[in-house]
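The next block is entry-v1.txt, given as compact mmCIF, N, CA and C atoms.
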# COMPACT_ATOMS: atom_id res chain seq x y z
N MET Z 1 144.92 151.77 143.16
CA MET Z 1 143.50 151.54 143.31
C MET Z 1 143.15 151.26 144.77
N ASP Z 2 144.09 150.72 145.52
CA ASP Z 2 143.84 150.41 146.92
C ASP Z 2 143.60 151.68 147.73
N THR Z 3 144.32 152.74 147.41
CA THR Z 3 144.15 154.02 148.12
C THR Z 3 142.77 154.59 147.83
N LEU Z 4 142.33 154.52 146.58
CA LEU Z 4 141.01 155.02 146.21
C LEU Z 4 139.91 154.22 146.90
N SER Z 5 140.06 152.92 146.96
CA SER Z 5 139.07 152.08 147.63
C SER Z 5 138.99 152.41 149.12
N THR Z 6 140.13 152.61 149.73
CA THR Z 6 140.15 152.98 151.15
C THR Z 6 139.51 154.34 151.38
N PHE Z 7 139.80 155.28 150.49
CA PHE Z 7 139.22 156.62 150.59
C PHE Z 7 137.70 156.56 150.46
N ILE Z 8 137.19 155.83 149.48
CA ILE Z 8 135.75 155.71 149.28
C ILE Z 8 135.10 155.01 150.47
N ALA Z 9 135.74 153.97 150.97
CA ALA Z 9 135.20 153.26 152.13
C ALA Z 9 135.11 154.17 153.34
N ASN Z 10 136.13 154.99 153.55
CA ASN Z 10 136.12 155.92 154.68
C ASN Z 10 135.04 156.99 154.52
N ILE Z 11 134.88 157.51 153.32
CA ILE Z 11 133.83 158.51 153.06
C ILE Z 11 132.46 157.92 153.36
N VAL Z 12 132.21 156.73 152.86
CA VAL Z 12 130.91 156.08 153.07
C VAL Z 12 130.70 155.79 154.55
N ARG Z 13 131.72 155.24 155.21
CA ARG Z 13 131.60 154.83 156.61
C ARG Z 13 131.49 156.02 157.55
N LEU Z 14 132.24 157.07 157.31
CA LEU Z 14 132.29 158.19 158.25
C LEU Z 14 131.30 159.31 157.94
N ILE Z 15 130.89 159.45 156.70
CA ILE Z 15 130.01 160.56 156.35
C ILE Z 15 128.62 160.09 155.95
N PHE Z 16 128.53 159.26 154.91
CA PHE Z 16 127.23 158.91 154.37
C PHE Z 16 126.39 158.03 155.30
N THR Z 17 126.99 157.03 155.89
CA THR Z 17 126.23 156.11 156.75
C THR Z 17 125.60 156.82 157.95
N PRO Z 18 126.33 157.65 158.70
CA PRO Z 18 125.67 158.36 159.81
C PRO Z 18 124.60 159.35 159.35
N ILE Z 19 124.86 160.04 158.25
CA ILE Z 19 123.88 161.01 157.75
C ILE Z 19 122.60 160.31 157.32
N ILE Z 20 122.72 159.21 156.61
CA ILE Z 20 121.54 158.48 156.16
C ILE Z 20 120.79 157.91 157.36
N GLY Z 21 121.50 157.42 158.35
CA GLY Z 21 120.84 156.92 159.57
C GLY Z 21 120.07 158.02 160.28
N LEU Z 22 120.67 159.19 160.40
CA LEU Z 22 120.00 160.32 161.04
C LEU Z 22 118.78 160.76 160.24
N LEU Z 23 118.91 160.85 158.94
CA LEU Z 23 117.78 161.26 158.10
C LEU Z 23 116.65 160.23 158.13
N MET Z 24 117.00 158.95 158.21
CA MET Z 24 115.97 157.91 158.32
C MET Z 24 115.22 158.07 159.64
N ALA Z 25 115.94 158.33 160.72
CA ALA Z 25 115.29 158.52 162.01
C ALA Z 25 114.38 159.76 161.99
N LEU Z 26 114.84 160.83 161.39
CA LEU Z 26 114.01 162.04 161.28
C LEU Z 26 112.77 161.80 160.42
N ALA Z 27 112.93 161.07 159.33
CA ALA Z 27 111.78 160.76 158.47
C ALA Z 27 110.78 159.86 159.21
N LEU Z 28 111.28 158.94 160.00
CA LEU Z 28 110.39 158.09 160.78
C LEU Z 28 109.61 158.93 161.80
N PHE Z 29 110.31 159.84 162.48
CA PHE Z 29 109.64 160.72 163.42
C PHE Z 29 108.58 161.58 162.72
N TYR Z 30 108.92 162.12 161.57
CA TYR Z 30 107.99 162.95 160.80
C TYR Z 30 106.77 162.13 160.36
N PHE Z 31 107.00 160.87 159.99
CA PHE Z 31 105.91 159.98 159.59
C PHE Z 31 104.97 159.72 160.77
N VAL Z 32 105.54 159.38 161.91
CA VAL Z 32 104.73 159.11 163.11
C VAL Z 32 104.00 160.37 163.54
N TRP Z 33 104.65 161.53 163.45
CA TRP Z 33 104.01 162.79 163.80
C TRP Z 33 102.82 163.07 162.85
N GLY Z 34 102.98 162.78 161.59
CA GLY Z 34 101.89 162.94 160.63
C GLY Z 34 100.71 162.05 160.95
N ILE Z 35 100.98 160.81 161.33
CA ILE Z 35 99.91 159.89 161.72
C ILE Z 35 99.22 160.41 162.98
N PHE Z 36 100.01 160.89 163.93
CA PHE Z 36 99.46 161.43 165.17
C PHE Z 36 98.53 162.61 164.88
N ILE Z 37 98.97 163.54 164.06
CA ILE Z 37 98.13 164.69 163.70
C ILE Z 37 96.88 164.23 162.99
N PHE Z 38 97.02 163.31 162.06
CA PHE Z 38 95.89 162.81 161.28
C PHE Z 38 94.83 162.17 162.17
N ILE Z 39 95.26 161.38 163.14
CA ILE Z 39 94.31 160.68 164.01
C ILE Z 39 93.72 161.59 165.08
N MET Z 40 94.58 162.38 165.73
CA MET Z 40 94.11 163.20 166.85
C MET Z 40 93.19 164.34 166.41
N GLN Z 41 93.34 164.83 165.20
CA GLN Z 41 92.51 165.92 164.74
C GLN Z 41 91.72 165.51 163.50
N ALA Z 42 91.11 164.35 163.60
CA ALA Z 42 90.38 163.79 162.47
C ALA Z 42 89.16 164.61 162.08
N ASP Z 43 88.64 165.39 163.00
CA ASP Z 43 87.46 166.18 162.68
C ASP Z 43 87.80 167.51 162.00
N ASN Z 44 89.06 167.86 161.93
CA ASN Z 44 89.50 169.11 161.32
C ASN Z 44 90.10 168.82 159.94
N PRO Z 45 89.44 169.25 158.86
CA PRO Z 45 89.95 168.93 157.51
C PRO Z 45 91.34 169.51 157.23
N GLU Z 46 91.63 170.69 157.75
CA GLU Z 46 92.95 171.29 157.53
C GLU Z 46 94.04 170.48 158.24
N ALA Z 47 93.77 170.03 159.44
CA ALA Z 47 94.76 169.23 160.18
C ALA Z 47 94.95 167.87 159.50
N ARG Z 48 93.87 167.29 159.00
CA ARG Z 48 94.00 166.01 158.29
C ARG Z 48 94.85 166.18 157.04
N LYS Z 49 94.65 167.30 156.34
CA LYS Z 49 95.45 167.58 155.15
C LYS Z 49 96.92 167.75 155.53
N LYS Z 50 97.18 168.43 156.64
CA LYS Z 50 98.55 168.62 157.12
C LYS Z 50 99.17 167.28 157.50
N GLY Z 51 98.42 166.42 158.20
CA GLY Z 51 98.92 165.10 158.57
C GLY Z 51 99.22 164.25 157.35
N THR Z 52 98.34 164.31 156.36
CA THR Z 52 98.55 163.57 155.12
C THR Z 52 99.80 164.06 154.40
N SER Z 53 100.02 165.37 154.43
CA SER Z 53 101.21 165.94 153.80
C SER Z 53 102.47 165.45 154.51
N HIS Z 54 102.45 165.41 155.84
CA HIS Z 54 103.61 164.91 156.59
C HIS Z 54 103.89 163.46 156.23
N ILE Z 55 102.85 162.66 156.16
CA ILE Z 55 103.02 161.24 155.84
C ILE Z 55 103.59 161.08 154.44
N LEU Z 56 103.05 161.83 153.48
CA LEU Z 56 103.51 161.73 152.10
C LEU Z 56 104.97 162.13 151.96
N TRP Z 57 105.36 163.26 152.54
CA TRP Z 57 106.73 163.73 152.39
C TRP Z 57 107.73 162.86 153.14
N SER Z 58 107.30 162.27 154.24
CA SER Z 58 108.22 161.35 154.92
C SER Z 58 108.44 160.10 154.08
N LEU Z 59 107.40 159.62 153.40
CA LEU Z 59 107.57 158.46 152.51
C LEU Z 59 108.46 158.81 151.32
N VAL Z 60 108.31 160.02 150.79
CA VAL Z 60 109.19 160.47 149.71
C VAL Z 60 110.65 160.49 150.21
N GLY Z 61 110.85 160.96 151.43
CA GLY Z 61 112.19 160.97 152.02
C GLY Z 61 112.76 159.57 152.15
N PHE Z 62 111.93 158.62 152.59
CA PHE Z 62 112.39 157.23 152.70
C PHE Z 62 112.82 156.69 151.33
N VAL Z 63 112.02 156.96 150.31
CA VAL Z 63 112.35 156.47 148.97
C VAL Z 63 113.67 157.07 148.48
N ILE Z 64 113.86 158.35 148.71
CA ILE Z 64 115.10 159.00 148.30
C ILE Z 64 116.29 158.39 149.03
N MET Z 65 116.16 158.16 150.32
CA MET Z 65 117.29 157.60 151.08
C MET Z 65 117.60 156.16 150.68
N VAL Z 66 116.58 155.39 150.39
CA VAL Z 66 116.82 154.02 149.92
C VAL Z 66 117.50 154.07 148.56
N SER Z 67 117.12 155.03 147.72
CA SER Z 67 117.78 155.19 146.43
C SER Z 67 119.25 155.56 146.60
N VAL Z 68 119.54 156.43 147.55
CA VAL Z 68 120.94 156.80 147.83
C VAL Z 68 121.73 155.58 148.27
N ILE Z 69 121.12 154.74 149.10
CA ILE Z 69 121.81 153.52 149.53
C ILE Z 69 122.09 152.62 148.33
N GLY Z 70 121.13 152.52 147.42
CA GLY Z 70 121.33 151.73 146.20
C GLY Z 70 122.43 152.29 145.32
N ILE Z 71 122.45 153.61 145.15
CA ILE Z 71 123.51 154.23 144.36
C ILE Z 71 124.87 154.01 145.01
N LEU Z 72 124.93 154.15 146.35
CA LEU Z 72 126.19 153.89 147.06
C LEU Z 72 126.64 152.45 146.87
N SER Z 73 125.69 151.52 146.84
CA SER Z 73 126.05 150.11 146.62
C SER Z 73 126.66 149.91 145.24
N VAL Z 74 126.09 150.57 144.24
CA VAL Z 74 126.62 150.44 142.88
C VAL Z 74 128.02 151.06 142.80
N VAL Z 75 128.18 152.26 143.36
CA VAL Z 75 129.47 152.94 143.29
C VAL Z 75 130.54 152.17 144.05
N THR Z 76 130.22 151.73 145.26
CA THR Z 76 131.23 151.00 146.02
C THR Z 76 131.50 149.63 145.41
N GLY Z 77 130.48 149.01 144.83
CA GLY Z 77 130.70 147.74 144.16
C GLY Z 77 131.59 147.88 142.93
N THR Z 78 131.47 149.02 142.26
CA THR Z 78 132.31 149.28 141.09
C THR Z 78 133.79 149.37 141.47
N PHE Z 79 134.06 149.95 142.63
CA PHE Z 79 135.45 150.09 143.08
C PHE Z 79 135.89 148.95 144.00
N GLY Z 80 135.04 147.95 144.19
CA GLY Z 80 135.41 146.80 145.00
C GLY Z 80 135.46 147.07 146.48
N VAL Z 81 134.63 148.01 146.95
CA VAL Z 81 134.59 148.36 148.36
C VAL Z 81 133.29 147.82 148.94
N SER Z 82 133.36 147.18 150.10
CA SER Z 82 132.14 146.67 150.71
C SER Z 82 131.53 147.75 151.60
N LEU Z 83 130.22 147.85 151.57
CA LEU Z 83 129.53 148.83 152.41
C LEU Z 83 129.49 148.36 153.85
N PRO Z 84 129.61 149.29 154.79
CA PRO Z 84 129.49 148.90 156.19
C PRO Z 84 128.06 148.53 156.51
N ARG Z 85 127.88 147.57 157.38
CA ARG Z 85 126.52 147.13 157.76
C ARG Z 85 126.19 147.62 159.12

Taking this structure as input, can you express it in the form of structure tokens?
Amino acid sequence: MDTLSTFIANIVRLIFTPIIGLLMALALFYFVWGIFIFIMQADNPEARKKGTSHILWSLVGFVIMVSVIGILSVVTGTFGVSLPR
């Protein structure tokens, strides 16, 4: 069981944690870009709709990534592996 725990810890630490961090940063950029479009082109209904869409999909991305972190916590907790902070 120790080998499996080490393997899972390495997968989470080396693969999932950097990918989730990168995706969170991209979602944050997409969110800020959506707000920028929404505010700067407030007089254009199509641009406002596009900005709203960016904001909505970035929030959906955040929710999905937080869910992945929760699932990883459950899986690693099941095998007795602590998640890297």

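Residue nearest Z:Ala47 within the list Z:Trp33, Z:Phe16, Z:Phe7, Z:Phe62: Z:Trp33 [criterion: smallest interatomic distance, only C-alpha atoms].
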
Two-atom distance - atom CA of Z:Leu56, atom N of Z:Ile35 (Å): 9.6 Å

Distance query Z:Lys50 at most 7 Å, all atoms listed in the file, self and fewer than 6 positions along chain excluded, as a list of chain:residue names: Z:Gly34, Z:Ile37, Z:Phe38

Taking the backbone alone, and naming residues the way the document does, which bits of chain Z are alpha helix (DSSP H) by DSSP, as a compact mmCIF listing (two decimals) with N, CA and C atoms, keeping the file's coordinate frame?
# COMPACT_ATOMS: atom_id res chain seq x y z
N ASP Z 2 144.09 150.72 145.52
CA ASP Z 2 143.84 150.41 146.92
C ASP Z 2 143.60 151.68 147.73
N THR Z 3 144.32 152.74 147.41
CA THR Z 3 144.15 154.02 148.12
C THR Z 3 142.77 154.59 147.83
N LEU Z 4 142.33 154.52 146.58
CA LEU Z 4 141.01 155.02 146.21
C LEU Z 4 139.91 154.22 146.90
N SER Z 5 140.06 152.92 146.96
CA SER Z 5 139.07 152.08 147.63
C SER Z 5 138.99 152.41 149.12
N THR Z 6 140.13 152.61 149.73
CA THR Z 6 140.15 152.98 151.15
C THR Z 6 139.51 154.34 151.38
N PHE Z 7 139.80 155.28 150.49
CA PHE Z 7 139.22 156.62 150.59
C PHE Z 7 137.70 156.56 150.46
N ILE Z 8 137.19 155.83 149.48
CA ILE Z 8 135.75 155.71 149.28
C ILE Z 8 135.10 155.01 150.47
N ALA Z 9 135.74 153.97 150.97
CA ALA Z 9 135.20 153.26 152.13
C ALA Z 9 135.11 154.17 153.34
N ASN Z 10 136.13 154.99 153.55
CA ASN Z 10 136.12 155.92 154.68
C ASN Z 10 135.04 156.99 154.52
N ILE Z 11 134.88 157.51 153.32
CA ILE Z 11 133.83 158.51 153.06
C ILE Z 11 132.46 157.92 153.36
N THR Z 17 126.99 157.03 155.89
CA THR Z 17 126.23 156.11 156.75
C THR Z 17 125.60 156.82 157.95
N PRO Z 18 126.33 157.65 158.70
CA PRO Z 18 125.67 158.36 159.81
C PRO Z 18 124.60 159.35 159.35
N ILE Z 19 124.86 160.04 158.25
CA ILE Z 19 123.88 161.01 157.75
C ILE Z 19 122.60 160.31 157.32
N ILE Z 20 122.72 159.21 156.61
CA ILE Z 20 121.54 158.48 156.16
C ILE Z 20 120.79 157.91 157.36
N GLY Z 21 121.50 157.42 158.35
CA GLY Z 21 120.84 156.92 159.57
C GLY Z 21 120.07 158.02 160.28
N LEU Z 22 120.67 159.19 160.40
CA LEU Z 22 120.00 160.32 161.04
C LEU Z 22 118.78 160.76 160.24
N LEU Z 23 118.91 160.85 158.94
CA LEU Z 23 117.78 161.26 158.10
C LEU Z 23 116.65 160.23 158.13
N MET Z 24 117.00 158.95 158.21
CA MET Z 24 115.97 157.91 158.32
C MET Z 24 115.22 158.07 159.64
N ALA Z 25 115.94 158.33 160.72
CA ALA Z 25 115.29 158.52 162.01
C ALA Z 25 114.38 159.76 161.99
N LEU Z 26 114.84 160.83 161.39
CA LEU Z 26 114.01 162.04 161.28
C LEU Z 26 112.77 161.80 160.42
N ALA Z 27 112.93 161.07 159.33
CA ALA Z 27 111.78 160.76 158.47
C ALA Z 27 110.78 159.86 159.21
N LEU Z 28 111.28 158.94 160.00
CA LEU Z 28 110.39 158.09 160.78
C LEU Z 28 109.61 158.93 161.80
N PHE Z 29 110.31 159.84 162.48
CA PHE Z 29 109.64 160.72 163.42
C PHE Z 29 108.58 161.58 162.72
N TYR Z 30 108.92 162.12 161.57
CA TYR Z 30 107.99 162.95 160.80
C TYR Z 30 106.77 162.13 160.36
N PHE Z 31 107.00 160.87 159.99
CA PHE Z 31 105.91 159.98 159.59
C PHE Z 31 104.97 159.72 160.77
N VAL Z 32 105.54 159.38 161.91
CA VAL Z 32 104.73 159.11 163.11
C VAL Z 32 104.00 160.37 163.54
N TRP Z 33 104.65 161.53 163.45
CA TRP Z 33 104.01 162.79 163.80
C TRP Z 33 102.82 163.07 162.85
N GLY Z 34 102.98 162.78 161.59
CA GLY Z 34 101.89 162.94 160.63
C GLY Z 34 100.71 162.05 160.95
N ILE Z 35 100.98 160.81 161.33
CA ILE Z 35 99.91 159.89 161.72
C ILE Z 35 99.22 160.41 162.98
N PHE Z 36 100.01 160.89 163.93
CA PHE Z 36 99.46 161.43 165.17
C PHE Z 36 98.53 162.61 164.88
N ILE Z 37 98.97 163.54 164.06
CA ILE Z 37 98.13 164.69 163.70
C ILE Z 37 96.88 164.23 162.99
N PHE Z 38 97.02 163.31 162.06
CA PHE Z 38 95.89 162.81 161.28
C PHE Z 38 94.83 162.17 162.17
N ILE Z 39 95.26 161.38 163.14
CA ILE Z 39 94.31 160.68 164.01
C ILE Z 39 93.72 161.59 165.08
N MET Z 40 94.58 162.38 165.73
CA MET Z 40 94.11 163.20 166.85
C MET Z 40 93.19 164.34 166.41
N PRO Z 45 89.44 169.25 158.86
CA PRO Z 45 89.95 168.93 157.51
C PRO Z 45 91.34 169.51 157.23
N GLU Z 46 91.63 170.69 157.75
CA GLU Z 46 92.95 171.29 157.53
C GLU Z 46 94.04 170.48 158.24
N ALA Z 47 93.77 170.03 159.44
CA ALA Z 47 94.76 169.23 160.18
C ALA Z 47 94.95 167.87 159.50
N ARG Z 48 93.87 167.29 159.00
CA ARG Z 48 94.00 166.01 158.29
C ARG Z 48 94.85 166.18 157.04
N LYS Z 49 94.65 167.30 156.34
CA LYS Z 49 95.45 167.58 155.15
C LYS Z 49 96.92 167.75 155.53
N LYS Z 50 97.18 168.43 156.64
CA LYS Z 50 98.55 168.62 157.12
C LYS Z 50 99.17 167.28 157.50
N GLY Z 51 98.42 166.42 158.20
CA GLY Z 51 98.92 165.10 158.57
C GLY Z 51 99.22 164.25 157.35
N THR Z 52 98.34 164.31 156.36
CA THR Z 52 98.55 163.57 155.12
C THR Z 52 99.80 164.06 154.40
N SER Z 53 100.02 165.37 154.43
CA SER Z 53 101.21 165.94 153.80
C SER Z 53 102.47 165.45 154.51
N HIS Z 54 102.45 165.41 155.84
CA HIS Z 54 103.61 164.91 156.59
C HIS Z 54 103.89 163.46 156.23
N ILE Z 55 102.85 162.66 156.16
CA ILE Z 55 103.02 161.24 155.84
C ILE Z 55 103.59 161.08 154.44
N LEU Z 56 103.05 161.83 153.48
CA LEU Z 56 103.51 161.73 152.10
C LEU Z 56 104.97 162.13 151.96
N TRP Z 57 105.36 163.26 152.54
CA TRP Z 57 106.73 163.73 152.39
C TRP Z 57 107.73 162.86 153.14
N SER Z 58 107.30 162.27 154.24
CA SER Z 58 108.22 161.35 154.92
C SER Z 58 108.44 160.10 154.08
N LEU Z 59 107.40 159.62 153.40
CA LEU Z 59 107.57 158.46 152.51
C LEU Z 59 108.46 158.81 151.32
N VAL Z 60 108.31 160.02 150.79
CA VAL Z 60 109.19 160.47 149.71
C VAL Z 60 110.65 160.49 150.21
N GLY Z 61 110.85 160.96 151.43
CA GLY Z 61 112.19 160.97 152.02
C GLY Z 61 112.76 159.57 152.15
N PHE Z 62 111.93 158.62 152.59
CA PHE Z 62 112.39 157.23 152.70
C PHE Z 62 112.82 156.69 151.33
N VAL Z 63 112.02 156.96 150.31
CA VAL Z 63 112.35 156.47 148.97
C VAL Z 63 113.67 157.07 148.48
N ILE Z 64 113.86 158.35 148.71
CA ILE Z 64 115.10 159.00 148.30
C ILE Z 64 116.29 158.39 149.03
N MET Z 65 116.16 158.16 150.32
CA MET Z 65 117.29 157.60 151.08
C MET Z 65 117.60 156.16 150.68
N VAL Z 66 116.58 155.39 150.39
CA VAL Z 66 116.82 154.02 149.92
C VAL Z 66 117.50 154.07 148.56
N SER Z 67 117.12 155.03 147.72
CA SER Z 67 117.78 155.19 146.43
C SER Z 67 119.25 155.56 146.60
N VAL Z 68 119.54 156.43 147.55
CA VAL Z 68 120.94 156.80 147.83
C VAL Z 68 121.73 155.58 148.27
N ILE Z 69 121.12 154.74 149.10
CA ILE Z 69 121.81 153.52 149.53
C ILE Z 69 122.09 152.62 148.33
N GLY Z 70 121.13 152.52 147.42
CA GLY Z 70 121.33 151.73 146.20
C GLY Z 70 122.43 152.29 145.32
N ILE Z 71 122.45 153.61 145.15
CA ILE Z 71 123.51 154.23 144.36
C ILE Z 71 124.87 154.01 145.01
N LEU Z 72 124.93 154.15 146.35
CA LEU Z 72 126.19 153.89 147.06
C LEU Z 72 126.64 152.45 146.87
N SER Z 73 125.69 151.52 146.84
CA SER Z 73 126.05 150.11 146.62
C SER Z 73 126.66 149.91 145.24
N VAL Z 74 126.09 150.57 144.24
CA VAL Z 74 126.62 150.44 142.88
C VAL Z 74 128.02 151.06 142.80
N VAL Z 75 128.18 152.26 143.36
CA VAL Z 75 129.47 152.94 143.29
C VAL Z 75 130.54 152.17 144.05
N THR Z 76 130.22 151.73 145.26
CA THR Z 76 131.23 151.00 146.02
C THR Z 76 131.50 149.63 145.41
N GLY Z 77 130.48 149.01 144.83
CA GLY Z 77 130.70 147.74 144.16
C GLY Z 77 131.59 147.88 142.93
N THR Z 78 131.47 149.02 142.26
CA THR Z 78 132.31 149.28 141.09
C THR Z 78 133.79 149.37 141.47

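The two atoms in question, atom CA of Z:Val81 and atom C of Z:Ala27, are spaced 28.6 Å apart.
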
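Nearest residue to Z:Trp57 among Z:Ile11, Z:Leu4, Z:Phe31, Z:Ile19 is Z:Phe31, counting only N, CA and C atoms.
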
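Taking atom CA of Z:Asp43 and atom CA of Z:Tyr30 as the two end points, the separation is 20.9 Å.
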
Distance query Z:Leu59 at most 8 Å, all atoms listed in the file, self and fewer than 4 positions along chain excluded, as number ranges by chain: Z: 27-28, 30-31, 53-55, 63-65

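Each of Z:Ala9, Z:Phe29, Z:Thr3, Z:Met40 was checked against Z:Gly61 using only C-alpha atoms; the smallest atom-to-atom distance is that of Z:Phe29.
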
Nearest residue to Z:Leu26 from the set Z:Ser58, Z:Asn44, Z:Arg13, Z:Ser5 (distances using only C-alpha atoms): Z:Ser58

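Nearest residue to Z:Thr52, choosing from Z:Val68, Z:Val75, Z:Thr6, Z:Ile39 and counting only C-alpha atoms: Z:Ile39.
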